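Asker: My structure file protein34.cif, mmCIF, N, CA and C atoms, is below:
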```cif
data_input
loop_
_atom_site.group_PDB
_atom_site.id
_atom_site.type_symbol
_atom_site.label_atom_id
_atom_site.label_comp_id
_atom_site.auth_asym_id
_atom_site.auth_seq_id
_atom_site.Cartn_x
_atom_site.Cartn_y
_atom_site.Cartn_z
ATOM 1 N N MET A 1 202.164 79.923 130.032
ATOM 2 C CA MET A 1 203.459 79.853 130.671
ATOM 3 C C MET A 1 203.686 81.020 131.621
ATOM 4 N N LYS A 2 203.425 82.252 131.123
ATOM 5 C CA LYS A 2 203.668 83.412 131.975
ATOM 6 C C LYS A 2 202.721 83.415 133.169
ATOM 7 N N GLY A 3 201.499 82.954 132.969
ATOM 8 C CA GLY A 3 200.533 82.905 134.069
ATOM 9 C C GLY A 3 200.986 81.967 135.174
ATOM 10 N N GLU A 4 201.575 80.842 134.791
ATOM 11 C CA GLU A 4 202.071 79.890 135.781
ATOM 12 C C GLU A 4 203.249 80.475 136.554
ATOM 13 N N ARG A 5 204.127 81.188 135.868
ATOM 14 C CA ARG A 5 205.288 81.793 136.534
ATOM 15 C C ARG A 5 204.846 82.855 137.531
ATOM 16 N N ASN A 6 203.874 83.683 137.113
ATOM 17 C CA ASN A 6 203.362 84.712 138.014
ATOM 18 C C ASN A 6 202.677 84.080 139.224
ATOM 19 N N GLY A 7 201.980 83.001 138.994
ATOM 20 C CA GLY A 7 201.330 82.299 140.099
ATOM 21 C C GLY A 7 202.338 81.730 141.071
ATOM 22 N N ASP A 8 203.431 81.175 140.546
ATOM 23 C CA ASP A 8 204.491 80.647 141.399
ATOM 24 C C ASP A 8 205.154 81.759 142.203
ATOM 25 N N LYS A 9 205.346 82.915 141.570
ATOM 26 C CA LYS A 9 205.941 84.050 142.273
ATOM 27 C C LYS A 9 205.029 84.538 143.388
ATOM 28 N N ASN A 10 203.715 84.572 143.112
ATOM 29 C CA ASN A 10 202.768 85.015 144.127
ATOM 30 C C ASN A 10 202.740 84.053 145.313
ATOM 31 N N ILE A 11 202.794 82.768 145.037
ATOM 32 C CA ILE A 11 202.813 81.768 146.103
ATOM 33 C C ILE A 11 204.079 81.923 146.938
ATOM 34 N N ALA A 12 205.214 82.141 146.271
ATOM 35 C CA ALA A 12 206.481 82.316 146.986
ATOM 36 C C ALA A 12 206.439 83.572 147.853
ATOM 37 N N LYS A 13 205.850 84.652 147.335
ATOM 38 C CA LYS A 13 205.724 85.884 148.115
ATOM 39 C C LYS A 13 204.843 85.665 149.337
ATOM 40 N N MET A 14 203.746 84.949 149.163
ATOM 41 C CA MET A 14 202.836 84.682 150.283
ATOM 42 C C MET A 14 203.522 83.823 151.342
ATOM 43 N N GLN A 15 204.321 82.863 150.915
ATOM 44 C CA GLN A 15 205.049 82.027 151.876
ATOM 45 C C GLN A 15 206.090 82.848 152.624
ATOM 46 N N ASN A 16 206.777 83.745 151.913
ATOM 47 C CA ASN A 16 207.759 84.604 152.569
ATOM 48 C C ASN A 16 207.107 85.537 153.577
ATOM 49 N N ILE A 17 205.935 86.058 153.229
ATOM 50 C CA ILE A 17 205.203 86.931 154.148
ATOM 51 C C ILE A 17 204.799 86.149 155.386
ATOM 52 N N LYS A 18 204.337 84.920 155.212
ATOM 53 C CA LYS A 18 203.937 84.090 156.348
ATOM 54 C C LYS A 18 205.132 83.800 157.261
ATOM 55 N N ILE A 19 206.279 83.493 156.679
ATOM 56 C CA ILE A 19 207.489 83.220 157.463
ATOM 57 C C ILE A 19 207.913 84.466 158.230
ATOM 58 N N MET A 20 207.864 85.629 157.581
ATOM 59 C CA MET A 20 208.258 86.867 158.260
ATOM 60 C C MET A 20 207.312 87.199 159.406
ATOM 61 N N LYS A 21 206.004 86.959 159.224
ATOM 62 C CA LYS A 21 205.048 87.202 160.305
ATOM 63 C C LYS A 21 205.342 86.293 161.493
ATOM 64 N N GLU A 22 205.650 85.026 161.217
ATOM 65 C CA GLU A 22 205.974 84.093 162.291
ATOM 66 C C GLU A 22 207.231 84.530 163.037
ATOM 67 N N ARG A 23 208.225 85.013 162.316
ATOM 68 C CA ARG A 23 209.465 85.456 162.952
ATOM 69 C C ARG A 23 209.256 86.717 163.767
ATOM 70 N N ILE A 24 208.415 87.619 163.277
ATOM 71 C CA ILE A 24 208.122 88.837 164.036
ATOM 72 C C ILE A 24 207.393 88.482 165.325
ATOM 73 N N ILE A 25 206.435 87.570 165.245
ATOM 74 C CA ILE A 25 205.719 87.131 166.443
ATOM 75 C C ILE A 25 206.693 86.473 167.418
ATOM 76 N N GLN A 26 207.613 85.671 166.900
ATOM 77 C CA GLN A 26 208.604 85.007 167.751
ATOM 78 C C GLN A 26 209.500 86.042 168.428
ATOM 79 N N LEU A 27 209.923 87.054 167.698
ATOM 80 C CA LEU A 27 210.782 88.077 168.265
ATOM 81 C C LEU A 27 210.057 88.885 169.338
ATOM 82 N N ILE A 28 208.808 89.239 169.086
ATOM 83 C CA ILE A 28 208.022 89.976 170.073
ATOM 84 C C ILE A 28 207.814 89.135 171.322
ATOM 85 N N THR A 29 207.505 87.841 171.144
ATOM 86 C CA THR A 29 207.330 86.949 172.282
ATOM 87 C C THR A 29 208.616 86.839 173.092
ATOM 88 N N ALA A 30 209.748 86.726 172.421
ATOM 89 C CA ALA A 30 211.037 86.638 173.109
ATOM 90 C C ALA A 30 211.303 87.904 173.923
ATOM 91 N N ALA A 31 211.027 89.063 173.332
ATOM 92 C CA ALA A 31 211.261 90.325 174.032
ATOM 93 C C ALA A 31 210.344 90.467 175.240
ATOM 94 N N VAL A 32 209.069 90.118 175.078
ATOM 95 C CA VAL A 32 208.115 90.236 176.184
ATOM 96 C C VAL A 32 208.479 89.281 177.313
ATOM 97 N N LEU A 33 208.829 88.034 176.980
ATOM 98 C CA LEU A 33 209.223 87.077 178.006
ATOM 99 C C LEU A 33 210.475 87.538 178.748
ATOM 100 N N SER A 34 211.445 88.022 178.017
ATOM 101 C CA SER A 34 212.682 88.467 178.650
ATOM 102 C C SER A 34 212.446 89.673 179.554
ATOM 103 N N LEU A 35 211.741 90.667 179.047
ATOM 104 C CA LEU A 35 211.469 91.852 179.863
ATOM 105 C C LEU A 35 210.577 91.536 181.060
ATOM 106 N N GLY A 36 209.566 90.714 180.836
ATOM 107 C CA GLY A 36 208.697 90.317 181.951
ATOM 108 C C GLY A 36 209.460 89.546 183.011
ATOM 109 N N GLY A 37 210.329 88.657 182.576
ATOM 110 C CA GLY A 37 211.144 87.896 183.520
ATOM 111 C C GLY A 37 212.067 88.796 184.314
ATOM 112 N N LEU A 38 212.668 89.780 183.639
ATOM 113 C CA LEU A 38 213.553 90.701 184.351
ATOM 114 C C LEU A 38 212.791 91.568 185.353
ATOM 115 N N VAL A 39 211.599 91.993 184.998
ATOM 116 C CA VAL A 39 210.779 92.773 185.929
ATOM 117 C C VAL A 39 210.421 91.932 187.153
ATOM 118 N N LEU A 40 210.040 90.680 186.932
ATOM 119 C CA LEU A 40 209.712 89.816 188.061
ATOM 120 C C LEU A 40 210.930 89.529 188.926
ATOM 121 N N LEU A 41 212.084 89.356 188.297
ATOM 122 C CA LEU A 41 213.310 89.168 189.073
ATOM 123 C C LEU A 41 213.591 90.397 189.938
ATOM 124 N N PHE A 42 213.429 91.564 189.364
ATOM 125 C CA PHE A 42 213.626 92.794 190.131
ATOM 126 C C PHE A 42 212.632 92.871 191.289
ATOM 127 N N CYS A 43 211.376 92.576 191.008
ATOM 128 C CA CYS A 43 210.349 92.619 192.060
ATOM 129 C C CYS A 43 210.640 91.608 193.163
ATOM 130 N N GLY A 44 211.079 90.432 192.787
ATOM 131 C CA GLY A 44 211.348 89.400 193.784
ATOM 132 C C GLY A 44 212.543 89.710 194.662
ATOM 133 N N VAL A 45 213.476 90.480 194.150
ATOM 134 C CA VAL A 45 214.692 90.757 194.911
ATOM 135 C C VAL A 45 214.603 92.070 195.683
ATOM 136 N N TYR A 46 214.069 93.120 195.082
ATOM 137 C CA TYR A 46 214.162 94.455 195.667
ATOM 138 C C TYR A 46 212.878 94.999 196.288
ATOM 139 N N ILE A 47 211.757 94.397 196.030
ATOM 140 C CA ILE A 47 210.496 94.919 196.553
ATOM 141 C C ILE A 47 209.952 93.944 197.588
ATOM 142 N N GLU A 48 209.547 94.494 198.726
ATOM 143 C CA GLU A 48 208.956 93.631 199.746
ATOM 144 C C GLU A 48 207.621 93.100 199.236
ATOM 145 N N PRO A 49 207.372 91.819 199.402
ATOM 146 C CA PRO A 49 206.072 91.285 198.927
ATOM 147 C C PRO A 49 204.942 91.749 199.844
ATOM 148 N N LEU A 50 204.083 92.575 199.303
ATOM 149 C CA LEU A 50 202.956 93.086 200.066
ATOM 150 C C LEU A 50 201.743 92.175 199.959
ATOM 151 N N GLY A 51 201.714 91.346 198.933
ATOM 152 C CA GLY A 51 200.585 90.440 198.732
ATOM 153 C C GLY A 51 200.919 89.051 199.226
ATOM 154 N N GLN A 52 200.287 88.051 198.644
ATOM 155 C CA GLN A 52 200.478 86.677 199.059
ATOM 156 C C GLN A 52 201.527 85.946 198.223
ATOM 157 N N ILE A 53 202.077 86.589 197.242
ATOM 158 C CA ILE A 53 203.064 85.936 196.379
ATOM 159 C C ILE A 53 204.431 86.050 197.039
ATOM 160 N N HIS A 54 205.043 84.916 197.299
ATOM 161 C CA HIS A 54 206.347 84.904 197.944
ATOM 162 C C HIS A 54 207.421 85.261 196.922
ATOM 163 N N GLU A 55 208.506 85.887 197.400
ATOM 164 C CA GLU A 55 209.544 86.337 196.466
ATOM 165 C C GLU A 55 210.217 85.187 195.728
ATOM 166 N N THR A 56 210.243 83.998 196.318
ATOM 167 C CA THR A 56 210.869 82.873 195.619
ATOM 168 C C THR A 56 210.072 82.470 194.386
ATOM 169 N N LEU A 57 208.747 82.618 194.465
ATOM 170 C CA LEU A 57 207.922 82.331 193.287
ATOM 171 C C LEU A 57 208.170 83.347 192.181
ATOM 172 N N LEU A 58 208.285 84.610 192.566
ATOM 173 C CA LEU A 58 208.561 85.643 191.570
ATOM 174 C C LEU A 58 209.920 85.413 190.911
ATOM 175 N N VAL A 59 210.910 85.087 191.722
ATOM 176 C CA VAL A 59 212.251 84.863 191.179
ATOM 177 C C VAL A 59 212.268 83.628 190.278
ATOM 178 N N ALA A 60 211.621 82.564 190.720
ATOM 179 C CA ALA A 60 211.608 81.335 189.919
ATOM 180 C C ALA A 60 210.910 81.559 188.581
ATOM 181 N N PHE A 61 209.755 82.221 188.603
ATOM 182 C CA PHE A 61 209.060 82.474 187.343
ATOM 183 C C PHE A 61 209.826 83.472 186.491
ATOM 184 N N GLY A 62 210.437 84.453 187.119
ATOM 185 C CA GLY A 62 211.239 85.424 186.372
ATOM 186 C C GLY A 62 212.408 84.769 185.665
ATOM 187 N N GLU A 63 213.089 83.847 186.356
ATOM 188 C CA GLU A 63 214.198 83.131 185.730
ATOM 189 C C GLU A 63 213.711 82.270 184.568
ATOM 190 N N THR A 64 212.569 81.616 184.756
ATOM 191 C CA THR A 64 212.012 80.771 183.698
ATOM 192 C C THR A 64 211.625 81.597 182.475
ATOM 193 N N ALA A 65 210.956 82.725 182.704
ATOM 194 C CA ALA A 65 210.534 83.575 181.589
ATOM 195 C C ALA A 65 211.746 84.168 180.864
ATOM 196 N N THR A 66 212.749 84.575 181.613
ATOM 197 C CA THR A 66 213.951 85.132 180.989
ATOM 198 C C THR A 66 214.666 84.077 180.154
ATOM 199 N N PHE A 67 214.756 82.866 180.685
ATOM 200 C CA PHE A 67 215.397 81.784 179.951
ATOM 201 C C PHE A 67 214.618 81.444 178.677
ATOM 202 N N ALA A 68 213.294 81.383 178.786
ATOM 203 C CA ALA A 68 212.468 81.084 177.605
ATOM 204 C C ALA A 68 212.619 82.184 176.554
ATOM 205 N N GLY A 69 212.636 83.434 176.994
ATOM 206 C CA GLY A 69 212.831 84.536 176.059
ATOM 207 C C GLY A 69 214.183 84.475 175.379
ATOM 208 N N ALA A 70 215.218 84.085 176.134
ATOM 209 C CA ALA A 70 216.549 83.959 175.549
ATOM 210 C C ALA A 70 216.570 82.853 174.501
ATOM 211 N N LEU A 71 215.914 81.733 174.786
ATOM 212 C CA LEU A 71 215.870 80.642 173.808
ATOM 213 C C LEU A 71 215.137 81.056 172.535
ATOM 214 N N PHE A 72 214.011 81.770 172.705
ATOM 215 C CA PHE A 72 213.294 82.267 171.531
ATOM 216 C C PHE A 72 214.190 83.210 170.728
ATOM 217 N N GLY A 73 214.912 84.083 171.411
ATOM 218 C CA GLY A 73 215.793 85.024 170.726
ATOM 219 C C GLY A 73 216.926 84.333 169.993
ATOM 220 N N ILE A 74 217.528 83.332 170.626
ATOM 221 C CA ILE A 74 218.607 82.582 169.980
ATOM 222 C C ILE A 74 218.085 81.869 168.739
ATOM 223 N N ASP A 75 216.909 81.267 168.857
ATOM 224 C CA ASP A 75 216.310 80.578 167.713
ATOM 225 C C ASP A 75 216.011 81.564 166.589
ATOM 226 N N TYR A 76 215.542 82.756 166.941
ATOM 227 C CA TYR A 76 215.248 83.789 165.941
ATOM 228 C C TYR A 76 216.512 84.182 165.181
ATOM 229 N N VAL A 77 217.600 84.412 165.913
ATOM 230 C CA VAL A 77 218.867 84.787 165.274
ATOM 231 C C VAL A 77 219.358 83.660 164.374
ATOM 232 N N TYR A 78 219.256 82.422 164.845
ATOM 233 C CA TYR A 78 219.716 81.294 164.045
ATOM 234 C C TYR A 78 218.927 81.163 162.757
ATOM 235 N N LYS A 79 217.598 81.344 162.833
ATOM 236 C CA LYS A 79 216.759 81.236 161.631
ATOM 237 C C LYS A 79 217.057 82.344 160.628
ATOM 238 N N ASN A 80 217.414 83.538 161.108
ATOM 239 C CA ASN A 80 217.668 84.658 160.208
ATOM 240 C C ASN A 80 219.051 84.615 159.573
ATOM 241 N N LYS A 81 219.941 83.778 160.062
ATOM 242 C CA LYS A 81 221.275 83.676 159.461
ATOM 243 C C LYS A 81 221.271 82.852 158.191
ATOM 244 N N LYS A 82 220.224 82.107 157.932
ATOM 245 C CA LYS A 82 220.169 81.242 156.744
ATOM 246 C C LYS A 82 220.035 82.021 155.481
#
```
Could you write out this file's structure as structure tokens?
Answerer:
Amino acid sequence: MKGERNGDKNIAKMQNIKIMKERIIQLITAAVLSLGGLVLLFCGVYIEPLGQIHETLLVAFGETATFAGALFGIDYVYKNKK
């Protein structure tokens, strides 16, 4: 009996660790996407394009990355409120 209970506790701990790792990865991804998007938005607006990348592409990708990061962040907050 005690062996089964300890086994169940270990399985529950392993599942909790897996969930926390997934949430940490999600949070890091959200932060990187948001910061990367903001950097690209800044580059597209304030820096003259010296290469072949047009500023509209930088702004469009920056907006997309920022939006994706915001969605990841909102989902992270929602999952942690449970």
Asker: As an exercise, work out the distance from CA of Ile25 in chain A to atom N of Phe42 in chain A in Å and give it to one decimal place.
Answerer: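 About the pair CA of Ile25 in chain A and atom N of Phe42 in chain A: they are 24.6 Å apart.
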Asker: Decode the PyMOL selection byres ((chain A and resi 64-74) around 7) for the given file into explicit residues and return them as a list in words.
Answerer: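 With the PyMOL selection byres ((chain A and resi 64-74) around 7) on this model, the match is Gln26, Leu27, Thr29, Ala30, Ala31, Val32, Leu33, Ser34, Leu35, Gly36, Gly37, Leu38, Val59, Ala60, Phe61, Gly62, Glu63, Asp75, Tyr76, Val77, Tyr78 and Lys79 of chain A.
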Asker: Quick one: pull the distance between atom C of Val39 in chain A and CA of Glu22 in chain A, Å, one decimal.
Answerer: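 Interatomic distance, atom C of Val39 in chain A to CA of Glu22 in chain A: 26.4 Å.
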Asker: Which of these residues is nearest to Leu41 in chain A, using only C-alpha atoms: A:Ile11, A:Leu58, A:Met20, A:Ile28?
Answerer: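 Ranking A:Ile11, A:Leu58, A:Met20, A:Ile28 by distance to Leu41 in chain A, first place goes to A:Leu58.
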Asker: Could you state the separation of atom N of Lys9 in chain A and atom N of Ile24 in chain A in Å, given to one decimal place?
Answerer: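 Interatomic distance here is 22.4 Å.
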